[in-house]
>>> print(open('input.cif').read())   # mmCIF, C-alpha atoms and all ligand atoms
data_query
loop_
_atom_site.label_atom_id
_atom_site.label_comp_id
_atom_site.auth_asym_id
_atom_site.auth_seq_id
_atom_site.Cartn_x
_atom_site.Cartn_y
_atom_site.Cartn_z
CA MET A 1 0.00 0.00 0.00
CA THR A 2 1.10 3.56 -0.63
CA GLU A 3 1.84 5.94 2.24
CA LEU A 4 -1.49 7.70 1.63
CA ALA A 5 -3.37 4.39 1.66
CA ASN A 6 -1.66 3.46 4.94
CA GLU A 7 -2.62 6.78 6.53
CA VAL A 8 -6.23 6.41 5.40
CA SER A 9 -6.38 2.81 6.56
CA ARG A 10 -5.19 3.85 10.04
CA LYS A 11 -7.94 6.50 10.23
CA ILE A 12 -10.83 4.29 9.15
CA ARG A 13 -12.75 3.08 12.17
CA ASP A 14 -14.11 -0.47 12.25
CA VAL A 15 -17.55 -0.64 13.87
CA PRO A 16 -18.69 -4.23 14.46
CA ASP A 17 -22.34 -5.24 14.01
CA PHE A 18 -23.45 -1.99 12.32
CA PRO A 19 -26.04 -1.51 10.85
CA LYS A 20 -26.86 -5.14 11.64
CA PRO A 21 -25.18 -8.13 13.32
CA GLY A 22 -22.31 -9.63 11.36
CA ILE A 23 -21.40 -6.49 9.38
CA LEU A 24 -18.04 -4.85 10.11
CA PHE A 25 -18.79 -1.26 9.13
CA LYS A 26 -15.90 0.79 7.76
CA ASP A 27 -16.53 4.27 9.17
CA ILE A 28 -14.80 6.86 6.99
CA THR A 29 -15.91 9.93 8.99
CA PRO A 30 -12.49 10.27 10.74
CA VAL A 31 -10.91 10.57 7.27
CA LEU A 32 -13.43 13.25 6.22
CA ALA A 33 -12.82 15.16 9.46
CA ASP A 34 -9.06 15.37 8.87
CA PRO A 35 -8.34 18.67 7.08
CA HIS A 36 -5.08 17.36 5.61
CA LEU A 37 -6.13 13.84 4.68
CA PHE A 38 -9.55 14.38 3.08
CA PRO A 39 -8.26 16.71 0.34
CA ARG A 40 -5.41 14.31 -0.43
CA VAL A 41 -7.88 11.43 -0.78
CA ALA A 42 -10.11 13.46 -3.12
CA ARG A 43 -7.04 14.45 -5.14
CA TRP A 44 -5.91 10.79 -5.39
CA MET A 45 -9.37 9.74 -6.57
CA SER A 46 -9.36 12.49 -9.23
CA ASP A 47 -5.83 11.58 -10.32
CA GLN A 48 -6.96 8.07 -11.32
CA PHE A 49 -9.15 9.44 -14.13
CA ARG A 50 -7.70 12.91 -14.67
CA ALA A 51 -6.54 12.12 -18.21
CA ASP A 52 -9.92 10.68 -19.25
CA GLY A 53 -11.92 13.84 -19.90
CA ILE A 54 -14.69 13.40 -17.33
CA ASP A 55 -17.86 15.43 -18.00
CA HIS A 56 -19.86 14.24 -14.98
CA ILE A 57 -19.18 12.63 -11.64
CA VAL A 58 -22.05 10.41 -10.52
CA GLY A 59 -22.00 10.15 -6.72
CA ILE A 60 -23.87 7.30 -5.04
CA GLU A 61 -26.02 8.25 -2.02
CA SER A 62 -24.84 9.26 0.40
CA ARG A 63 -21.11 9.10 1.04
CA GLY A 64 -20.50 9.18 -2.71
CA PHE A 65 -21.97 12.70 -2.63
CA ILE A 66 -19.31 13.90 -0.20
CA LEU A 67 -16.37 12.41 -2.09
CA GLY A 68 -17.72 13.17 -5.57
CA ALA A 69 -18.46 16.80 -4.74
CA ALA A 70 -14.91 17.17 -3.43
CA MET A 71 -13.60 16.13 -6.87
CA VAL A 72 -15.59 18.38 -9.22
CA GLU A 73 -13.32 21.39 -9.16
CA ASP A 74 -10.22 19.30 -9.70
CA LEU A 75 -11.75 17.40 -12.66
CA ARG A 76 -13.79 20.37 -13.94
CA ALA A 77 -16.76 18.03 -14.02
CA GLY A 78 -20.42 18.44 -13.11
CA PHE A 79 -22.01 16.45 -10.29
CA VAL A 80 -24.99 14.11 -10.65
CA PRO A 81 -26.55 12.32 -7.66
CA ALA A 82 -27.71 8.70 -7.84
CA ARG A 83 -30.33 8.62 -5.08
CA LYS A 84 -32.57 6.35 -3.09
CA PRO A 85 -36.20 6.38 -4.34
CA GLY A 86 -38.45 9.32 -3.59
CA LYS A 87 -35.71 11.91 -3.12
CA LEU A 88 -35.31 13.39 -6.61
CA PRO A 89 -38.07 15.84 -7.60
CA TYR A 90 -38.13 15.57 -11.40
CA GLN A 91 -38.66 12.66 -13.87
CA CYS A 92 -36.46 9.73 -12.94
CA VAL A 93 -35.10 6.52 -14.32
CA THR A 94 -35.07 3.76 -11.69
CA ILE A 95 -33.06 0.59 -11.28
CA GLU A 96 -33.82 -2.18 -8.81
CA TYR A 97 -30.99 -4.43 -7.72
CA GLU A 98 -30.43 -7.34 -5.38
CA LEU A 99 -28.71 -7.00 -2.03
CA GLU A 100 -27.52 -9.83 0.20
CA TYR A 101 -30.93 -9.72 1.87
CA GLY A 102 -33.75 -8.22 -0.22
CA SER A 103 -33.42 -5.55 -2.87
CA SER A 104 -32.86 -1.84 -3.24
CA LYS A 105 -33.43 0.90 -5.81
CA LEU A 106 -31.51 3.87 -7.16
CA GLN A 107 -32.76 6.75 -9.29
CA MET A 108 -31.33 9.48 -11.47
CA HIS A 109 -33.01 12.35 -13.27
CA THR A 110 -33.75 11.50 -16.91
CA ASP A 111 -32.00 14.69 -18.06
CA ALA A 112 -29.02 14.36 -15.69
CA PHE A 113 -26.54 14.53 -18.57
CA THR A 114 -26.57 14.52 -22.35
CA SER A 115 -26.18 11.28 -24.26
CA GLY A 116 -22.52 10.47 -24.82
CA GLY A 117 -21.44 12.26 -21.63
CA ARG A 118 -18.32 10.79 -20.06
CA VAL A 119 -19.11 9.67 -16.52
CA LEU A 120 -17.02 8.72 -13.50
CA ILE A 121 -18.89 6.83 -10.75
CA VAL A 122 -17.81 7.60 -7.18
CA ASP A 123 -18.58 5.96 -3.85
CA ASP A 124 -16.83 5.53 -0.52
CA LEU A 125 -16.70 1.75 -0.49
CA LEU A 126 -16.94 -1.20 -2.89
CA ALA A 127 -18.30 -4.32 -1.16
CA THR A 128 -20.25 -6.89 -3.22
CA GLY A 129 -20.42 -4.47 -6.16
CA GLY A 130 -24.21 -4.61 -6.44
CA THR A 131 -24.70 -0.88 -5.88
CA ALA A 132 -21.99 0.21 -8.31
CA ALA A 133 -23.09 -2.34 -10.96
CA ALA A 134 -26.64 -0.95 -10.76
CA THR A 135 -25.29 2.59 -11.10
CA ILE A 136 -23.32 1.60 -14.21
CA ASP A 137 -26.57 0.24 -15.72
CA LEU A 138 -28.44 3.40 -14.80
CA VAL A 139 -25.82 5.66 -16.42
CA ARG A 140 -25.79 3.54 -19.58
CA ARG A 141 -29.60 3.60 -19.80
CA LEU A 142 -29.32 7.38 -19.97
CA GLY A 143 -26.77 7.15 -22.76
CA GLY A 144 -23.74 7.93 -20.60
CA VAL A 145 -20.28 6.48 -21.23
CA VAL A 146 -18.96 4.95 -18.01
CA VAL A 147 -15.28 5.85 -17.99
CA GLY A 148 -14.66 4.18 -14.63
CA CYS A 149 -15.50 3.76 -10.97
CA VAL A 150 -13.41 5.04 -8.08
CA PHE A 151 -13.68 4.20 -4.38
CA MET A 152 -11.84 5.14 -1.22
CA VAL A 153 -12.13 1.60 0.13
CA GLU A 154 -12.54 -1.84 -1.44
CA LEU A 155 -13.39 -5.03 0.42
CA GLY A 156 -11.28 -7.13 -1.93
CA PHE A 157 -12.30 -10.46 -0.41
CA LEU A 158 -15.86 -9.91 -1.69
CA ASP A 159 -14.65 -9.69 -5.31
CA GLY A 160 -17.10 -6.87 -6.08
CA ARG A 161 -14.95 -5.51 -8.90
CA LYS A 162 -15.67 -8.65 -10.94
CA ARG A 163 -19.26 -7.44 -11.27
CA LEU A 164 -18.21 -4.06 -12.65
CA ASP A 165 -17.91 -3.87 -16.39
CA ALA A 166 -15.68 -0.75 -16.30
CA PRO A 167 -12.20 0.20 -15.04
CA VAL A 168 -12.11 0.22 -11.22
CA LYS A 169 -9.69 2.00 -8.86
CA SER A 170 -9.61 2.02 -5.07
CA LEU A 171 -7.21 3.63 -2.62
CA VAL A 172 -7.34 1.15 0.29
CA THR A 173 -8.04 -2.56 -0.17
CA TYR A 174 -8.86 -4.92 2.68
P1 LIG B 1 -22.18 -3.19 -2.27
O1 LIG B 1 -23.36 -2.91 -3.14
O2 LIG B 1 -22.26 -4.50 -1.55
O3 LIG B 1 -20.86 -3.04 -3.03
O4 LIG B 1 -22.19 -2.12 -1.12
C1 LIG B 1 -21.72 -0.85 -1.34
C2 LIG B 1 -22.50 0.20 -0.60
O5 LIG B 1 -22.83 -0.17 0.73
C3 LIG B 1 -21.67 1.46 -0.48
O6 LIG B 1 -22.51 2.59 -0.71
C4 LIG B 1 -21.11 1.43 0.93
O7 LIG B 1 -21.10 2.71 1.48
C5 LIG B 1 -22.03 0.50 1.69
N1 LIG B 1 -21.30 -0.55 2.44
C6 LIG B 1 -21.33 -1.89 2.19
N2 LIG B 1 -20.61 -2.57 3.07
C7 LIG B 1 -20.06 -1.67 3.91
C8 LIG B 1 -19.17 -1.75 5.04
N3 LIG B 1 -18.69 -2.92 5.49
N4 LIG B 1 -18.81 -0.60 5.65
C9 LIG B 1 -19.28 0.60 5.20
N5 LIG B 1 -20.12 0.74 4.16
C10 LIG B 1 -20.51 -0.37 3.51
#
>>> encode(input="input.cif", output="structure tokens", more="lines below")
Ligand code: AMP
Amino acid sequence: MTELANEVSRKIRDVPDFPKPGILFKDITPVLADPHLFPRVARWMSDQFRADGIDHIVGIESRGFILGAAMVEDLRAGFVPARKPGKLPYQCVTIEYELEYGSSKLQMHTDAFTSGGRVLIVDDLLATGGTAAATIDLVRRLGGVVVGCVFMVELGFLDGRKRLDAPVKSLVTY
């Protein structure tokens, strides 16, 4: 791991049995609260796709909003939220996807970007890959070109990146 990845890894707090028994939650709030570390993380995430001409960052609710918004200036990209149902006010396209237990949905506005727009998908953590895979589908349904996906953390043992049909980068892998 790089020095930055080591620093981030030391700051991430493991919270057992949150939000339900058996889940080891990776709490990134100590990284966000660090005025030196958070900007370096956002810069690293931007660096991975800086040469790719990103038009829009799609941030996945809700921690993807925080990280994605921190990257827009650096990449000179617009920001588009992928949200849980019932939050976006205008016409939406919806995708339903399977979780370990049950299913979930994500929505984006139908006019979020123009067809052919080059999109970078951002979230805090890649686990099974279900959420990011659904977001890739959603972006493609709207005619977007998925240039890649970038995460602060990847739970490598879950092999989530195998489900993502796009280039994937992550700073810290467990
Ligand atoms: P998945 O669809 O399984 O890749 O899950 C990814 C989404 O769930 C991301 O938005 C993460 O923020 C959240 N998530 C899943 N597992 C964890 C975990 N162990 N710690 C923190 N967040 C998690």
>>> residues_around(input="input.cif", residues="stretch 47-64 of chain A", least_positions_apart="2", cutoff="8 Å", atoms="only C-alpha atoms", output="MDAnalysis selection string")
chainID A and resid 43:45 66:69 72 75:84 113 117:124 135 147:148 150 169
>>> closest_atom_pairs(input="input.cif", of="chain A", to="ligand LIG 1 (chain B)", cutoff="7 Å", atoms="all atoms listed in the file", output="tab-separated table")
residue	atom	partner	partner_atom	distance
A:Ile23	CA	B:LIG1	N3	5.9
A:Leu24	CA	B:LIG1	N3	5.0
A:Phe25	CA	B:LIG1	N4	3.5
A:Lys26	CA	B:LIG1	N4	3.9
A:Asp27	CA	B:LIG1	C9	6.1
A:Ile60	CA	B:LIG1	O6	6.5
A:Glu61	CA	B:LIG1	O6	6.8
A:Arg63	CA	B:LIG1	O7	6.4
A:Leu99	CA	B:LIG1	O1	6.8
A:Asp123	CA	B:LIG1	O6	6.1
A:Asp124	CA	B:LIG1	O7	5.5
A:Leu125	CA	B:LIG1	C4	4.6
A:Leu126	CA	B:LIG1	O3	4.3
A:Ala127	CA	B:LIG1	O3	3.4
A:Thr128	CA	B:LIG1	O2	3.5
A:Gly129	CA	B:LIG1	O3	3.5
A:Gly130	CA	B:LIG1	O1	3.8
A:Thr131	CA	B:LIG1	O1	3.7
A:Ala132	CA	B:LIG1	O1	6.2
A:Gly160	CA	B:LIG1	O3	6.2
>>> atom_distance(input="input.cif", atom1="atom CA of A:Met1", atom2="atom CA of A:Leu155")
14.3 Å
>>> residues_around(input="input.cif", residues="A:Gly86", least_positions_apart="2", cutoff="12 Å", atoms="all atoms listed in the file", output="list in words")
Ala82, Arg83, Lys84, Leu88, Pro89, Tyr90, Gln91, Cys92, Val93, Thr94, Lys105, Leu106, Gln107, Met108 and His109 of chain A
>>> closest_residue(input="input.cif", among="A:Val31, A:Ile95, A:Ile12, A:Val146", to="A:Ala166", atoms="only C-alpha atoms")
A:Val146
>>> residues_around(input="input.cif", residues="A:Arg40", least_positions_apart="3", cutoff="12 Å", atoms="all atoms listed in the file", output="JSON, numbers by chain")
{"A": [3, 4, 5, 7, 8, 31, 32, 34, 35, 36, 37, 43, 44, 45, 46, 47, 67, 70, 71, 74, 152, 171]}
>>> atom_distance(input="input.cif", atom1="atom CA of A:Gly143", atom2="atom CA of A:Arg163")
20.0 Å
>>> atom_distance(input="input.cif", atom1="atom CA of A:Phe65", atom2="atom CA of A:Pro21")
26.4 Å
>>> closest_residue(input="input.cif", among="A:Ala133, A:Leu142, A:Lys11, A:Pro19", to="A:Ser115", atoms="all atoms listed in the file")
A:Leu142
>>> axis_aligned_box(input="input.cif", around="stretch 147-159 of chain A", padding_each_side="8 Å", output="JSON")
{"center_x": -13.6, "center_y": -2.3, "center_z": -8.8, "size_x": 20.6, "size_y": 32.3, "size_z": 34.4}
>>> build_atoms(input="input.cif", residues="stretch 80-91 of chain A", atoms="all heavy atoms", output="PDB file, in the coordinates of the input")
ATOM      1  N   VAL A  80     -23.649  14.687 -10.497  1.00  0.00           N
ATOM      2  CA  VAL A  80     -24.990  14.110 -10.650  1.00  0.00           C
ATOM      3  C   VAL A  80     -25.206  13.109  -9.513  1.00  0.00           C
ATOM      4  O   VAL A  80     -24.402  12.190  -9.336  1.00  0.00           O
ATOM      5  CB  VAL A  80     -25.113  13.374 -12.012  1.00  0.00           C
ATOM      6  CG1 VAL A  80     -26.435  12.626 -12.104  1.00  0.00           C
ATOM      7  CG2 VAL A  80     -24.979  14.360 -13.171  1.00  0.00           C
ATOM      8  N   PRO A  81     -26.287  13.268  -8.736  1.00  0.00           N
ATOM      9  CA  PRO A  81     -26.550  12.320  -7.660  1.00  0.00           C
ATOM     10  C   PRO A  81     -27.329  11.086  -8.147  1.00  0.00           C
ATOM     11  O   PRO A  81     -28.280  11.219  -8.913  1.00  0.00           O
ATOM     12  CB  PRO A  81     -27.395  13.125  -6.675  1.00  0.00           C
ATOM     13  CG  PRO A  81     -28.095  14.146  -7.507  1.00  0.00           C
ATOM     14  CD  PRO A  81     -27.231  14.411  -8.720  1.00  0.00           C
ATOM     15  N   ALA A  82     -26.915   9.918  -7.688  1.00  0.00           N
ATOM     16  CA  ALA A  82     -27.710   8.700  -7.840  1.00  0.00           C
ATOM     17  C   ALA A  82     -28.332   8.454  -6.470  1.00  0.00           C
ATOM     18  O   ALA A  82     -27.612   8.207  -5.490  1.00  0.00           O
ATOM     19  CB  ALA A  82     -26.838   7.522  -8.259  1.00  0.00           C
ATOM     20  N   ARG A  83     -29.677   8.556  -6.388  1.00  0.00           N
ATOM     21  CA  ARG A  83     -30.330   8.620  -5.080  1.00  0.00           C
ATOM     22  C   ARG A  83     -31.276   7.472  -4.796  1.00  0.00           C
ATOM     23  O   ARG A  83     -31.780   6.805  -5.699  1.00  0.00           O
ATOM     24  CB  ARG A  83     -31.123   9.936  -4.971  1.00  0.00           C
ATOM     25  CG  ARG A  83     -30.249  11.173  -5.072  1.00  0.00           C
ATOM     26  CD  ARG A  83     -30.803  12.306  -4.267  1.00  0.00           C
ATOM     27  NE  ARG A  83     -30.788  11.992  -2.837  1.00  0.00           N
ATOM     28  CZ  ARG A  83     -31.145  12.840  -1.893  1.00  0.00           C
ATOM     29  NH1 ARG A  83     -31.592  14.031  -2.201  1.00  0.00           N
ATOM     30  NH2 ARG A  83     -31.089  12.480  -0.622  1.00  0.00           N
ATOM     31  N   LYS A  84     -31.541   7.287  -3.528  1.00  0.00           N
ATOM     32  CA  LYS A  84     -32.570   6.350  -3.090  1.00  0.00           C
ATOM     33  C   LYS A  84     -33.928   6.856  -3.581  1.00  0.00           C
ATOM     34  O   LYS A  84     -34.089   8.074  -3.778  1.00  0.00           O
ATOM     35  CB  LYS A  84     -32.582   6.262  -1.557  1.00  0.00           C
ATOM     36  CG  LYS A  84     -31.199   6.060  -0.934  1.00  0.00           C
ATOM     37  CD  LYS A  84     -30.951   4.625  -0.523  1.00  0.00           C
ATOM     38  CE  LYS A  84     -29.485   4.357  -0.204  1.00  0.00           C
ATOM     39  NZ  LYS A  84     -29.009   4.991   1.033  1.00  0.00           N
ATOM     40  N   PRO A  85     -34.906   5.968  -3.772  1.00  0.00           N
ATOM     41  CA  PRO A  85     -36.200   6.380  -4.340  1.00  0.00           C
ATOM     42  C   PRO A  85     -36.905   7.460  -3.519  1.00  0.00           C
ATOM     43  O   PRO A  85     -36.781   7.483  -2.300  1.00  0.00           O
ATOM     44  CB  PRO A  85     -37.026   5.094  -4.324  1.00  0.00           C
ATOM     45  CG  PRO A  85     -36.062   3.999  -4.186  1.00  0.00           C
ATOM     46  CD  PRO A  85     -34.865   4.531  -3.479  1.00  0.00           C
ATOM     47  N   GLY A  86     -37.615   8.322  -4.249  1.00  0.00           N
ATOM     48  CA  GLY A  86     -38.450   9.320  -3.590  1.00  0.00           C
ATOM     49  C   GLY A  86     -37.736  10.590  -3.195  1.00  0.00           C
ATOM     50  O   GLY A  86     -38.342  11.464  -2.575  1.00  0.00           O
ATOM     51  N   LYS A  87     -36.473  10.722  -3.541  1.00  0.00           N
ATOM     52  CA  LYS A  87     -35.710  11.910  -3.120  1.00  0.00           C
ATOM     53  C   LYS A  87     -35.577  12.935  -4.247  1.00  0.00           C
ATOM     54  O   LYS A  87     -35.491  14.129  -3.988  1.00  0.00           O
ATOM     55  CB  LYS A  87     -34.298  11.507  -2.683  1.00  0.00           C
ATOM     56  CG  LYS A  87     -34.262  10.476  -1.582  1.00  0.00           C
ATOM     57  CD  LYS A  87     -34.552  11.100  -0.247  1.00  0.00           C
ATOM     58  CE  LYS A  87     -34.299  10.116   0.878  1.00  0.00           C
ATOM     59  NZ  LYS A  87     -34.667  10.695   2.167  1.00  0.00           N
ATOM     60  N   LEU A  88     -35.516  12.460  -5.493  1.00  0.00           N
ATOM     61  CA  LEU A  88     -35.310  13.390  -6.610  1.00  0.00           C
ATOM     62  C   LEU A  88     -36.658  13.915  -7.088  1.00  0.00           C
ATOM     63  O   LEU A  88     -37.610  13.146  -7.252  1.00  0.00           O
ATOM     64  CB  LEU A  88     -34.573  12.682  -7.761  1.00  0.00           C
ATOM     65  CG  LEU A  88     -33.097  12.357  -7.482  1.00  0.00           C
ATOM     66  CD1 LEU A  88     -32.540  11.437  -8.566  1.00  0.00           C
ATOM     67  CD2 LEU A  88     -32.256  13.613  -7.391  1.00  0.00           C
ATOM     68  N   PRO A  89     -36.758  15.228  -7.354  1.00  0.00           N
ATOM     69  CA  PRO A  89     -38.070  15.840  -7.600  1.00  0.00           C
ATOM     70  C   PRO A  89     -38.596  15.710  -9.028  1.00  0.00           C
ATOM     71  O   PRO A  89     -39.795  15.822  -9.252  1.00  0.00           O
ATOM     72  CB  PRO A  89     -37.809  17.312  -7.277  1.00  0.00           C
ATOM     73  CG  PRO A  89     -36.367  17.512  -7.592  1.00  0.00           C
ATOM     74  CD  PRO A  89     -35.687  16.233  -7.243  1.00  0.00           C
ATOM     75  N   TYR A  90     -37.709  15.503  -9.992  1.00  0.00           N
ATOM     76  CA  TYR A  90     -38.130  15.570 -11.400  1.00  0.00           C
ATOM     77  C   TYR A  90     -38.275  14.125 -11.936  1.00  0.00           C
ATOM     78  O   TYR A  90     -38.130  13.157 -11.192  1.00  0.00           O
ATOM     79  CB  TYR A  90     -37.061  16.384 -12.169  1.00  0.00           C
ATOM     80  CG  TYR A  90     -37.389  16.649 -13.607  1.00  0.00           C
ATOM     81  CD1 TYR A  90     -38.518  17.383 -13.979  1.00  0.00           C
ATOM     82  CD2 TYR A  90     -36.547  16.158 -14.605  1.00  0.00           C
ATOM     83  CE1 TYR A  90     -38.797  17.602 -15.312  1.00  0.00           C
ATOM     84  CE2 TYR A  90     -36.822  16.384 -15.933  1.00  0.00           C
ATOM     85  CZ  TYR A  90     -37.950  17.102 -16.286  1.00  0.00           C
ATOM     86  OH  TYR A  90     -38.224  17.317 -17.601  1.00  0.00           O
ATOM     87  N   GLN A  91     -38.525  13.994 -13.249  1.00  0.00           N
ATOM     88  CA  GLN A  91     -38.660  12.660 -13.870  1.00  0.00           C
ATOM     89  C   GLN A  91     -37.398  11.830 -13.651  1.00  0.00           C
ATOM     90  O   GLN A  91     -36.294  12.334 -13.869  1.00  0.00           O
ATOM     91  CB  GLN A  91     -38.796  12.812 -15.375  1.00  0.00           C
ATOM     92  CG  GLN A  91     -40.192  13.095 -15.842  1.00  0.00           C
ATOM     93  CD  GLN A  91     -40.228  13.277 -17.361  1.00  0.00           C
ATOM     94  OE1 GLN A  91     -39.248  13.030 -18.064  1.00  0.00           O
ATOM     95  NE2 GLN A  91     -41.356  13.715 -17.850  1.00  0.00           N
TER      96      GLN A  91
END
